[in-house]
>>> print(open('my_file_0.cif').read())   # mmCIF, C-alpha atoms
data_target
#
loop_
_atom_site.label_atom_id
_atom_site.label_comp_id
_atom_site.auth_asym_id
_atom_site.auth_seq_id
_atom_site.Cartn_x
_atom_site.Cartn_y
_atom_site.Cartn_z
CA MET A 1 189.62 119.92 14.49
CA GLU A 2 189.54 122.12 17.59
CA LYS A 3 191.91 124.61 15.97
CA LEU A 4 189.77 124.81 12.82
CA PHE A 5 186.68 125.34 14.94
CA GLN A 6 188.34 128.17 16.87
CA ILE A 7 189.42 129.78 13.59
CA SER A 8 185.87 129.56 12.27
CA GLN A 9 184.59 131.18 15.48
CA THR A 10 187.09 134.01 15.03
CA ALA A 11 185.87 134.65 11.47
CA LEU A 12 182.21 134.56 12.52
CA SER A 13 182.86 136.91 15.44
CA VAL A 14 184.75 139.45 13.32
CA LEU A 15 181.94 139.55 10.74
CA LYS A 16 179.25 139.88 13.42
CA LYS A 17 181.10 142.72 15.21
CA SER A 18 181.29 144.49 11.85
CA GLY A 19 177.51 144.37 11.58
CA TYR A 20 177.04 141.37 9.29
CA SER A 21 175.34 138.00 9.62
CA ALA A 22 177.62 135.00 9.19
CA PHE A 23 177.28 131.24 9.51
CA LEU A 24 179.37 128.13 9.27
CA VAL A 25 177.84 126.12 6.40
CA GLY A 26 178.06 122.92 4.40
CA GLY A 27 180.40 120.03 4.99
CA SER A 28 182.03 121.48 8.10
CA VAL A 29 178.65 121.58 9.89
CA ARG A 30 177.75 118.12 8.63
CA ASP A 31 181.04 116.62 9.78
CA ARG A 32 180.84 118.30 13.19
CA LEU A 33 177.36 116.85 13.71
CA MET A 34 178.72 113.41 12.80
CA GLY A 35 181.83 113.73 14.95
CA ARG A 36 184.05 113.45 11.89
CA PRO A 37 187.25 115.44 11.32
CA VAL A 38 186.67 118.86 9.76
CA HIS A 39 189.15 119.71 7.00
CA ASP A 40 187.70 122.88 5.46
CA ILE A 41 185.94 125.96 6.76
CA ASP A 42 183.17 127.51 4.66
CA ILE A 43 181.30 130.56 5.86
CA ALA A 44 178.24 132.21 4.33
CA THR A 45 177.48 135.86 5.03
CA ASN A 46 175.28 138.74 3.92
CA ALA A 47 178.44 140.84 3.46
CA LEU A 48 179.34 141.49 -0.18
CA PRO A 49 182.80 140.27 -1.28
CA GLN A 50 184.24 143.80 -1.16
CA GLU A 51 182.81 144.27 2.33
CA THR A 52 184.29 140.97 3.50
CA ALA A 53 187.69 142.03 2.14
CA ARG A 54 187.40 145.33 4.00
CA VAL A 55 186.48 143.58 7.27
CA PHE A 56 189.60 141.40 7.05
CA GLU A 57 191.90 144.01 5.47
CA LYS A 58 194.61 143.42 8.11
CA LEU A 59 194.87 139.78 7.01
CA ALA A 60 195.77 138.18 3.71
CA VAL A 61 192.64 138.22 1.53
CA ILE A 62 192.59 136.27 -1.75
CA PRO A 63 189.87 137.11 -4.32
CA THR A 64 189.33 133.44 -5.23
CA GLY A 65 185.90 133.81 -6.84
CA LEU A 66 184.59 137.34 -6.76
CA ALA A 67 182.06 136.68 -9.53
CA HIS A 68 180.50 134.01 -7.33
CA GLY A 69 180.88 136.04 -4.16
CA THR A 70 183.83 134.15 -2.64
CA VAL A 71 186.97 135.46 -1.00
CA THR A 72 189.49 133.42 0.94
CA VAL A 73 190.90 134.84 4.16
CA LEU A 74 194.04 133.43 5.76
CA ILE A 75 193.56 133.23 9.53
CA GLU A 76 196.55 131.75 11.36
CA ASN A 77 197.77 130.52 7.95
CA THR A 78 194.53 128.57 7.51
CA PRO A 79 192.35 129.36 4.46
CA VAL A 80 188.75 130.26 5.28
CA GLU A 81 186.34 130.57 2.35
CA ILE A 82 183.74 133.28 2.91
CA THR A 83 180.91 133.53 0.39
CA THR A 84 178.05 135.98 0.12
CA PHE A 85 174.53 134.52 0.40
CA ARG A 86 173.44 133.89 -3.14
CA THR A 87 170.83 132.47 -5.47
CA GLU A 88 171.62 130.91 -8.83
CA SER A 89 170.13 131.04 -12.33
CA ALA A 90 169.60 128.18 -14.76
CA TYR A 91 172.50 125.81 -15.49
CA SER A 92 172.74 125.70 -19.28
CA ASP A 93 175.75 123.38 -19.23
CA ASN A 94 174.39 121.12 -16.44
CA ARG A 95 177.42 122.07 -14.38
CA HIS A 96 177.69 125.81 -13.67
CA PRO A 97 175.04 128.49 -13.08
CA ASP A 98 174.70 130.98 -15.93
CA PHE A 99 174.94 133.72 -13.30
CA VAL A 100 174.52 134.21 -9.56
CA SER A 101 172.66 136.87 -7.63
CA PHE A 102 173.65 137.95 -4.15
CA SER A 103 171.02 137.72 -1.43
CA LYS A 104 170.55 138.97 2.12
CA ASN A 105 168.66 135.81 3.06
CA LEU A 106 170.34 132.68 4.49
CA SER A 107 167.40 130.48 3.42
CA ASP A 108 167.94 131.48 -0.23
CA ASP A 109 171.54 130.37 0.04
CA LEU A 110 170.75 127.03 1.70
CA SER A 111 167.99 126.23 -0.80
CA ARG A 112 170.47 126.13 -3.70
CA ARG A 113 172.65 123.42 -2.10
CA ASP A 114 172.78 119.80 -3.21
CA PHE A 115 171.79 117.58 -0.26
CA THR A 116 169.96 118.29 2.96
CA MET A 117 172.95 117.22 5.05
CA ASN A 118 174.96 119.98 3.33
CA ALA A 119 172.22 122.60 3.69
CA ILE A 120 172.67 123.24 7.41
CA ALA A 121 174.13 126.44 8.88
CA GLU A 122 175.48 127.13 12.37
CA ASP A 123 175.95 130.52 13.97
CA GLU A 124 178.67 131.58 16.41
CA ASN A 125 176.58 130.35 19.34
CA GLY A 126 176.17 126.85 17.90
CA VAL A 127 172.52 127.41 16.93
CA LEU A 128 171.57 125.37 13.86
CA PHE A 129 169.52 126.68 10.93
CA ASP A 130 168.17 123.59 9.22
CA PRO A 131 165.19 124.40 6.96
CA PHE A 132 165.34 121.10 5.02
CA GLY A 133 165.74 118.56 7.82
CA GLY A 134 169.41 117.84 7.21
CA LYS A 135 170.17 116.98 10.82
CA GLU A 136 167.39 114.40 10.87
CA ASP A 137 168.63 112.91 7.60
CA ILE A 138 172.14 112.66 9.07
CA GLU A 139 170.69 110.81 12.06
CA LYS A 140 168.87 108.47 9.64
CA LYS A 141 172.05 108.10 7.56
CA LEU A 142 170.16 109.28 4.51
CA ILE A 143 171.24 111.28 1.45
CA ARG A 144 168.38 113.40 0.15
CA CYS A 145 168.39 116.19 -2.40
CA VAL A 146 167.27 119.67 -1.40
CA GLY A 147 163.96 120.22 -3.20
CA ASN A 148 163.32 118.36 -6.45
CA ALA A 149 166.04 115.76 -7.05
CA GLU A 150 165.93 115.84 -10.86
CA THR A 151 166.22 119.62 -10.79
CA ARG A 152 169.29 119.41 -8.54
CA PHE A 153 171.01 116.89 -10.84
CA LYS A 154 170.10 118.76 -14.03
CA GLU A 155 171.63 121.87 -12.50
CA ASP A 156 174.90 120.06 -11.82
CA ALA A 157 175.50 116.50 -13.02
CA LEU A 158 178.51 116.15 -10.72
CA ARG A 159 176.00 115.89 -7.86
CA ILE A 160 175.13 112.39 -9.13
CA LEU A 161 178.66 111.18 -8.43
CA ARG A 162 178.84 113.19 -5.22
CA ALA A 163 175.73 111.39 -3.97
CA LEU A 164 177.31 108.01 -4.70
CA ARG A 165 180.61 109.07 -3.18
CA PHE A 166 178.94 110.32 0.01
CA SER A 167 176.98 107.07 0.20
CA ALA A 168 180.19 105.04 -0.06
CA VAL A 169 182.28 107.19 2.27
CA LEU A 170 179.66 107.77 4.96
CA SER A 171 177.84 104.42 4.60
CA PHE A 172 174.59 106.35 4.05
CA SER A 173 171.70 105.08 1.97
CA ILE A 174 170.22 107.26 -0.77
CA GLU A 175 166.60 108.38 -0.38
CA GLU A 176 164.21 106.79 -2.89
CA GLU A 177 163.32 109.86 -4.96
CA THR A 178 166.98 110.92 -5.06
CA SER A 179 167.95 107.40 -6.14
CA ARG A 180 165.39 107.39 -8.97
CA ALA A 181 166.64 110.77 -10.16
CA ILE A 182 170.25 109.55 -10.15
CA LYS A 183 169.26 106.78 -12.57
CA SER A 184 166.99 108.90 -14.76
CA CYS A 185 169.63 111.63 -15.10
CA LYS A 186 172.61 109.35 -15.75
CA LYS A 187 173.11 110.56 -19.34
CA LEU A 188 174.07 113.97 -17.94
CA LEU A 189 177.31 112.40 -16.71
CA ASN A 190 178.60 112.60 -20.29
CA LYS A 191 178.82 116.37 -19.87
CA LEU A 192 181.29 116.17 -16.99
CA SER A 193 185.00 116.67 -17.47
CA PRO A 194 187.14 113.52 -17.23
CA GLU A 195 189.11 115.03 -14.36
CA ARG A 196 185.96 115.56 -12.26
CA ILE A 197 184.81 112.00 -12.88
CA ALA A 198 188.24 110.62 -11.96
CA SER A 199 188.35 112.67 -8.76
CA GLU A 200 184.95 111.47 -7.52
CA LEU A 201 185.59 107.88 -8.64
CA SER A 202 188.91 107.83 -6.77
CA LEU A 203 187.36 109.02 -3.51
CA LEU A 204 184.49 106.56 -3.88
CA LEU A 205 186.71 103.56 -4.69
CA CYS A 206 188.96 104.11 -1.68
CA SER A 207 186.05 104.13 0.78
CA ASP A 208 184.76 101.24 2.89
CA GLY A 209 181.38 101.30 1.16
CA ALA A 210 182.67 101.27 -2.42
CA ALA A 211 181.53 97.74 -3.27
CA ASP A 212 177.98 98.27 -2.01
CA VAL A 213 177.57 101.37 -4.18
CA LEU A 214 179.10 99.65 -7.23
CA LEU A 215 176.54 96.85 -6.84
CA ARG A 216 173.60 99.16 -6.18
CA TYR A 217 174.23 101.55 -9.08
CA PRO A 218 175.89 99.51 -11.86
CA GLU A 219 174.24 101.56 -14.62
CA ILE A 220 175.93 104.74 -13.37
CA PHE A 221 179.40 103.21 -13.57
CA ALA A 222 178.61 101.77 -17.00
CA GLU A 223 177.77 105.31 -18.08
CA ILE A 224 181.17 106.69 -17.09
CA VAL A 225 183.19 103.60 -18.17
CA PRO A 226 181.34 101.89 -21.06
CA CYS A 227 183.23 98.58 -20.86
CA PHE A 228 181.59 97.95 -17.47
CA LYS A 229 178.16 97.60 -19.09
CA VAL A 230 178.83 94.28 -20.83
CA MET A 231 180.38 92.87 -17.63
CA GLN A 232 177.08 93.27 -15.80
CA GLY A 233 175.10 90.05 -15.85
CA PHE A 234 177.74 88.24 -17.92
CA ALA A 235 177.71 84.62 -16.67
CA GLN A 236 181.13 82.92 -16.44
CA HIS A 237 180.06 79.27 -16.86
CA ASN A 238 183.07 78.11 -14.89
CA GLU A 239 183.26 76.14 -11.64
CA HIS A 240 185.81 78.59 -10.27
CA HIS A 241 183.19 81.33 -10.22
CA CYS A 242 179.98 81.81 -8.26
CA PHE A 243 179.31 85.36 -9.56
CA ASP A 244 178.86 87.01 -12.93
CA VAL A 245 181.79 89.12 -14.17
CA TRP A 246 180.57 92.39 -12.62
CA GLU A 247 179.61 90.87 -9.25
CA HIS A 248 182.96 89.08 -9.13
CA THR A 249 184.77 92.32 -9.98
CA VAL A 250 182.97 94.27 -7.26
CA ASN A 251 183.79 91.62 -4.68
CA VAL A 252 187.46 91.81 -5.65
CA VAL A 253 187.24 95.58 -5.06
CA ARG A 254 185.67 94.84 -1.68
CA ASN A 255 188.42 92.39 -0.70
CA VAL A 256 191.51 94.34 -1.75
CA ARG A 257 193.21 97.04 0.32
CA PRO A 258 191.77 100.55 -0.30
CA ALA A 259 194.77 101.97 -2.15
CA LEU A 260 193.70 103.69 -5.37
CA HIS A 261 195.90 101.70 -7.78
CA LEU A 262 194.81 98.40 -6.20
CA ARG A 263 191.11 99.28 -6.25
CA LEU A 264 191.39 100.42 -9.89
CA ALA A 265 193.29 97.24 -10.81
CA ALA A 266 190.53 95.21 -9.16
CA LEU A 267 187.89 97.19 -11.06
CA PHE A 268 189.53 96.60 -14.44
CA HIS A 269 191.21 93.20 -13.98
CA ASP A 270 188.47 91.19 -15.75
CA CYS A 271 187.08 93.92 -18.02
CA ALA A 272 188.06 92.00 -21.18
CA LYS A 273 186.43 88.70 -20.17
CA PRO A 274 183.22 89.26 -22.17
CA LEU A 275 185.32 90.05 -25.26
CA VAL A 276 187.33 86.81 -25.22
CA PHE A 277 184.71 84.42 -23.82
CA SER A 278 184.46 80.94 -25.31
CA LEU A 279 182.63 77.74 -24.38
CA ASP A 280 184.24 74.32 -24.79
CA GLU A 281 182.38 71.15 -25.68
CA SER A 282 181.53 70.48 -22.05
CA GLY A 283 179.92 73.91 -21.63
CA THR A 284 182.76 75.31 -19.54
CA GLY A 285 183.58 78.97 -20.07
CA HIS A 286 187.13 80.14 -20.85
CA PHE A 287 188.66 83.60 -21.05
CA TYR A 288 191.99 83.11 -22.82
CA SER A 289 194.19 86.25 -23.02
CA HIS A 290 191.74 88.35 -21.02
CA ALA A 291 194.57 89.77 -18.89
CA PRO A 292 196.62 91.44 -21.67
CA ARG A 293 193.43 92.54 -23.45
CA GLY A 294 192.17 93.99 -20.19
CA ALA A 295 195.43 95.89 -19.70
CA VAL A 296 194.91 97.60 -23.07
CA ILE A 297 191.35 98.59 -22.14
CA ALA A 298 192.40 99.79 -18.68
CA GLU A 299 195.14 101.97 -20.12
CA LYS A 300 192.78 103.52 -22.66
CA GLU A 301 190.08 104.27 -20.07
CA LEU A 302 192.44 105.60 -17.41
CA LYS A 303 194.10 107.91 -19.92
CA ARG A 304 190.69 109.09 -21.12
CA LEU A 305 189.76 109.92 -17.53
CA ARG A 306 193.11 111.73 -17.12
CA PHE A 307 194.45 109.64 -14.25
CA ASP A 308 198.09 110.44 -13.52
CA ASN A 309 200.76 108.43 -15.34
CA GLU A 310 202.13 106.71 -12.23
CA THR A 311 198.73 105.38 -11.17
CA THR A 312 197.89 104.35 -14.73
CA GLN A 313 201.15 102.44 -15.17
CA LYS A 314 200.71 100.58 -11.88
CA VAL A 315 197.15 99.60 -12.72
CA VAL A 316 197.93 98.50 -16.27
CA LYS A 317 200.83 96.34 -15.10
CA LEU A 318 198.73 94.65 -12.40
CA VAL A 319 195.85 93.99 -14.79
CA LYS A 320 198.27 92.49 -17.32
CA ILE A 321 199.84 90.07 -14.83
CA HIS A 322 196.93 89.51 -12.42
CA ASP A 323 196.52 85.85 -13.36
CA SER A 324 200.25 85.02 -13.48
CA PRO A 325 201.02 81.79 -11.57
CA LEU A 326 202.94 82.27 -8.33
CA GLU A 327 204.86 79.29 -6.96
CA CYS A 328 205.85 79.31 -3.30
CA SER A 329 209.51 78.35 -3.39
CA GLU A 330 212.47 80.57 -2.55
CA VAL A 331 213.89 80.35 -6.07
CA SER A 332 210.55 81.16 -7.71
CA VAL A 333 209.81 84.04 -5.32
CA LYS A 334 213.27 85.51 -5.88
CA LYS A 335 212.74 85.38 -9.64
CA LYS A 336 209.40 87.16 -9.29
CA LEU A 337 210.91 89.77 -6.97
CA ASN A 338 213.66 90.32 -9.51
CA ARG A 339 211.26 90.69 -12.43
CA LEU A 340 208.50 92.68 -10.71
CA GLY A 341 210.19 94.53 -7.87
CA GLU A 342 209.07 94.39 -4.24
CA GLU A 343 206.09 96.75 -4.47
CA THR A 344 204.51 95.12 -7.52
CA PHE A 345 205.18 91.62 -6.17
CA PHE A 346 203.28 92.28 -2.94
CA ASP A 347 200.54 94.18 -4.80
CA LEU A 348 200.11 91.18 -7.10
CA ILE A 349 199.67 88.89 -4.09
CA ARG A 350 197.09 91.30 -2.63
CA LEU A 351 195.18 91.39 -5.90
CA GLN A 352 195.29 87.62 -6.40
CA ARG A 353 194.23 87.04 -2.80
CA ALA A 354 191.23 89.34 -3.29
CA ASP A 355 190.47 87.68 -6.63
CA ASN A 356 190.46 84.24 -5.04
CA LEU A 357 188.19 85.37 -2.19
CA ALA A 358 185.66 86.42 -4.85
CA GLN A 359 185.65 82.95 -6.44
CA SER A 360 183.74 79.79 -5.54
CA GLU A 361 184.33 78.76 -1.95
CA LYS A 362 185.84 75.37 -2.80
CA PHE A 363 188.83 77.14 -4.39
CA ARG A 364 189.56 79.37 -1.39
CA PHE A 365 192.24 76.90 -0.26
CA ARG A 366 194.60 78.98 -2.41
CA GLN A 367 194.73 81.53 0.40
CA LYS A 368 197.31 79.28 2.04
CA ASN A 369 199.57 79.71 -0.99
CA PHE A 370 199.33 83.49 -0.67
CA ASP A 371 200.27 83.21 3.01
CA CYS A 372 203.28 81.12 2.01
CA LEU A 373 204.31 83.57 -0.72
CA GLU A 374 204.18 86.52 1.68
CA GLU A 375 206.13 84.68 4.38
CA THR A 376 208.77 83.52 1.90
CA ALA A 377 209.21 86.97 0.39
CA LYS A 378 209.46 88.63 3.82
CA LYS A 379 212.08 86.06 4.86
CA ILE A 380 214.11 86.77 1.70
CA LEU A 381 213.99 90.51 2.41
CA GLU A 382 214.82 90.13 6.10
CA GLN A 383 217.84 87.98 5.24
CA ASN A 384 218.87 90.55 2.62
CA ASP A 385 219.19 87.74 0.07
CA CYS A 386 220.28 88.63 -3.43
CA PHE A 387 217.53 88.64 -6.04
CA SER A 388 218.37 91.73 -8.09
CA LEU A 389 221.30 93.64 -9.58
CA LYS A 390 221.39 96.13 -6.72
CA LYS A 391 222.09 93.32 -4.25
CA LEU A 392 224.69 91.60 -6.45
CA ALA A 393 228.25 91.61 -5.05
CA VAL A 394 229.69 92.73 -8.41
CA ASP A 395 228.78 95.60 -10.72
CA GLY A 396 229.47 97.02 -14.16
CA ASN A 397 232.97 98.19 -13.27
CA ASP A 398 233.90 94.63 -12.32
CA MET A 399 232.65 93.45 -15.71
CA LEU A 400 234.71 96.15 -17.45
CA SER A 401 237.80 94.86 -15.64
CA LEU A 402 237.10 91.45 -17.21
CA GLY A 403 237.13 92.99 -20.66
CA LEU A 404 233.37 93.10 -21.25
CA CYS A 405 231.77 96.11 -22.88
CA GLY A 406 228.42 97.47 -24.02
CA LYS A 407 225.49 95.06 -23.89
CA GLU A 408 227.77 92.27 -22.73
CA ILE A 409 227.96 93.89 -19.28
CA GLY A 410 224.20 93.92 -18.67
CA ALA A 411 223.78 90.42 -20.06
CA MET A 412 226.55 89.05 -17.81
CA LEU A 413 225.17 90.75 -14.69
CA ASP A 414 221.71 89.33 -15.41
CA PHE A 415 223.27 85.90 -15.84
CA LEU A 416 225.07 86.20 -12.50
CA VAL A 417 221.90 87.23 -10.68
CA GLU A 418 220.19 84.18 -12.12
CA GLN A 419 223.04 81.95 -10.97
CA VAL A 420 222.77 83.34 -7.44
CA ILE A 421 218.96 83.03 -7.37
CA GLU A 422 219.15 79.41 -8.54
CA GLU A 423 221.80 78.78 -5.86
CA LYS A 424 224.40 77.71 -8.40
CA THR A 425 226.88 80.09 -6.83
CA ALA A 426 227.08 82.22 -3.70
CA ASN A 427 226.76 86.01 -3.84
CA GLU A 428 230.46 86.58 -3.17
CA LYS A 429 232.65 88.73 -5.39
CA PRO A 430 235.53 86.27 -6.01
CA LEU A 431 233.13 83.46 -6.87
CA LEU A 432 231.03 85.67 -9.14
CA LEU A 433 234.12 86.94 -10.98
CA ALA A 434 235.25 83.35 -11.51
CA VAL A 435 231.83 82.39 -12.89
CA ALA A 436 231.85 85.44 -15.17
CA LYS A 437 235.33 84.55 -16.50
CA ARG A 438 234.27 80.96 -17.24
CA GLU A 439 231.12 82.12 -18.97
CA ARG A 440 233.03 84.64 -21.04
CA GLU A 441 235.59 82.05 -22.11
CA LYS A 442 232.78 79.66 -23.05
CA HIS A 443 231.33 82.18 -25.50
CA LYS A 444 234.59 83.54 -26.91
CA LYS A 445 234.96 83.08 -30.64
CA PRO A 446 237.81 80.68 -31.56
#
>>> encode(input="my_file_0.cif", output="structure tokens")
Amino acid sequence: MEKLFQISQTALSVLKKSGYSAFLVGGSVRDRLMGRPVHDIDIATNALPQETARVFEKLAVIPTGLAHGTVTVLIENTPVEITTFRTESAYSDNRHPDFVSFSKNLSDDLSRRDFTMNAIAEDENGVLFDPFGGKEDIEKKLIRCVGNAETRFKEDALRILRALRFSAVLSFSIEEETSRAIKSCKKLLNKLSPERIASELSLLLCSDGAADVLLRYPEIFAEIVPCFKVMQGFAQHNEHHCFDVWEHTVNVVRNVRPALHLRLAALFHDCAKPLVFSLDESGTGHFYSHAPRGAVIAEKELKRLRFDNETTQKVVKLVKIHDSPLECSEVSVKKKLNRLGEETFFDLIRLQRADNLAQSEKFRFRQKNFDCLEETAKKILEQNDCFSLKKLAVDGNDMLSLGLCGKEIGAMLDFLVEQVIEEKTANEKPLLLAVAKREREKHKKP
């Protein structure tokens, strides 16, 4: 952070010595005021883009957005975005200004920004220019739009998700008028690109305050993922559950580790429950086959939002198996490790643990089973026990030497792993070869 600050001071000083006004603006000022790490440097200046390029002509200058007044200067191999003060026209697409006009006035530039906490500037002497009370809002932990909230959101619908993301990441509340505008402008979210939605949703979900925002603004999330709407307020009519489907889901998100694939799996794990719901004669609710149905929905939605294939595959697999029974015995754990792999096995435990913590309290005793499963699996790994082909003492070449070929080789190796897991033979090459020979003889045609 200190290095970035020094680099920003260098840029400000060079512009000032060249006769221009220049200020550190936006998130870097906000984060410095909050004592948070600064990751990007944004500078606003009255210098036109061509003038900025001339001032820094001895350095690498990248014309990243000349039409919008932005050039990027590399100072000590660190990119510094420098943008001319500007005002903006109407936003016909609710995302981008139709055109921008350069200004000589810092206040014009700050007035076009989204939230007061991002509309603060700082000069090279550390003096703040804060025409909209952003510093006070930061101290109050409050997100407030600059000017009229509906106008800000109609200009750029992405600001709706940014407000929710900032609320979740910073643990800030959203000012009342801004909150009302978020809800009244929710239909504008349909104009955003899937990639933008996925990016904001990912950052939000992996924050400490994700669950609180999901609970406070359910209608916004139903707007970007339609299957969430029917989950909201859907009673489960089952003694295992003390929440409706959406509240349960959000609490699973709250309880699981903030890794993106786990948070997404938590968000989608029960999404099919309303579609498969049934009541038995006693009035108890059931959700047969909700896991595989949910996996189909999750895959469709994640692909629509353009999440990467690796994340999508992990999420879909976890949703599909999230209610699979896990028995705490060495044989059972080895079989699960063999079938799922180490990463998915431990992720499944994490998801099931979080799921259980979001159920009725009298069923929380299952946490002990998850403790047992983790301890057993760790013991198996520490002992380097065999539970998969890669740990088996024989391989395909050994099977070839026994006269097996093609699919017979894979089938025999799988059989041998099973024999080792079930402790019917030790993982020693001579013993395994003997077992393979006996098994082959047993199935030889007369």
>>> resolve_selection(input="my_file_0.cif", expression="the PyMOL selection byres ((chain A and resi 135-145) around 10)", output="JSON list (two decimals) with C-alpha atoms, in the coordinates of the input")
[["chain", "number", "residue", "atom", "x", "y", "z"],
["A", 29, "VAL", "CA", 178.65, 121.58, 9.89],
["A", 30, "ARG", "CA", 177.75, 118.12, 8.63],
["A", 31, "ASP", "CA", 181.04, 116.62, 9.78],
["A", 33, "LEU", "CA", 177.36, 116.85, 13.71],
["A", 34, "MET", "CA", 178.72, 113.41, 12.80],
["A", 113, "ARG", "CA", 172.65, 123.42, -2.10],
["A", 114, "ASP", "CA", 172.78, 119.80, -3.21],
["A", 115, "PHE", "CA", 171.79, 117.58, -0.26],
["A", 116, "THR", "CA", 169.96, 118.29, 2.96],
["A", 117, "MET", "CA", 172.95, 117.22, 5.05],
["A", 118, "ASN", "CA", 174.96, 119.98, 3.33],
["A", 119, "ALA", "CA", 172.22, 122.60, 3.69],
["A", 120, "ILE", "CA", 172.67, 123.24, 7.41],
["A", 128, "LEU", "CA", 171.57, 125.37, 13.86],
["A", 129, "PHE", "CA", 169.52, 126.68, 10.93],
["A", 130, "ASP", "CA", 168.17, 123.59, 9.22],
["A", 131, "PRO", "CA", 165.19, 124.40, 6.96],
["A", 132, "PHE", "CA", 165.34, 121.10, 5.02],
["A", 133, "GLY", "CA", 165.74, 118.56, 7.82],
["A", 134, "GLY", "CA", 169.41, 117.84, 7.21],
["A", 146, "VAL", "CA", 167.27, 119.67, -1.40],
["A", 147, "GLY", "CA", 163.96, 120.22, -3.20],
["A", 148, "ASN", "CA", 163.32, 118.36, -6.45],
["A", 149, "ALA", "CA", 166.04, 115.76, -7.05],
["A", 150, "GLU", "CA", 165.93, 115.84, -10.86],
["A", 151, "THR", "CA", 166.22, 119.62, -10.79],
["A", 152, "ARG", "CA", 169.29, 119.41, -8.54],
["A", 153, "PHE", "CA", 171.01, 116.89, -10.84],
["A", 159, "ARG", "CA", 176.00, 115.89, -7.86],
["A", 163, "ALA", "CA", 175.73, 111.39, -3.97],
["A", 164, "LEU", "CA", 177.31, 108.01, -4.70],
["A", 166, "PHE", "CA", 178.94, 110.32, 0.01],
["A", 167, "SER", "CA", 176.98, 107.07, 0.20],
["A", 170, "LEU", "CA", 179.66, 107.77, 4.96],
["A", 171, "SER", "CA", 177.84, 104.42, 4.60],
["A", 172, "PHE", "CA", 174.59, 106.35, 4.05],
["A", 173, "SER", "CA", 171.70, 105.08, 1.97],
["A", 174, "ILE", "CA", 170.22, 107.26, -0.77],
["A", 175, "GLU", "CA", 166.60, 108.38, -0.38],
["A", 176, "GLU", "CA", 164.21, 106.79, -2.89],
["A", 177, "GLU", "CA", 163.32, 109.86, -4.96],
["A", 178, "THR", "CA", 166.98, 110.92, -5.06],
["A", 179, "SER", "CA", 167.95, 107.40, -6.14],
["A", 181, "ALA", "CA", 166.64, 110.77, -10.16]]
>>> resolve_selection(input="my_file_0.cif", expression="the PyMOL selection byres ((chain A and resi 246) around 12)", output="ChimeraX atom specification")
/A:211,214-219,221-222,227-236,241-245,247-253,266-274,358
>>> resolve_selection(input="my_file_0.cif", expression="the PyMOL selection byres ((chain A and resi 52) around 12)", output="ChimeraX atom specification")
/A:11-12,14-16,18-22,43-51,53-63,66,69-73,80-84
>>> residues_near_point(input="my_file_0.cif", point="(220.7, 88.0, -1.5)", cutoff="9 Å", atoms="all atoms listed in the file", output="list in words")
Lys334, Ile380, Leu381, Gln383, Asn384, Asp385, Cys386, Phe387, Ser388, Lys391, Leu392, Val420, Ile421, Ala426 and Asn427 of chain A
>>> residues_around(input="my_file_0.cif", residues="Glu330 in chain A", least_positions_apart="5", cutoff="10 Å", atoms="only C-alpha atoms", output="list in words")
Lys335, Lys336, Leu373, Thr376, Ala377, Lys379, Ile380, Ile421 and Glu422 of chain A
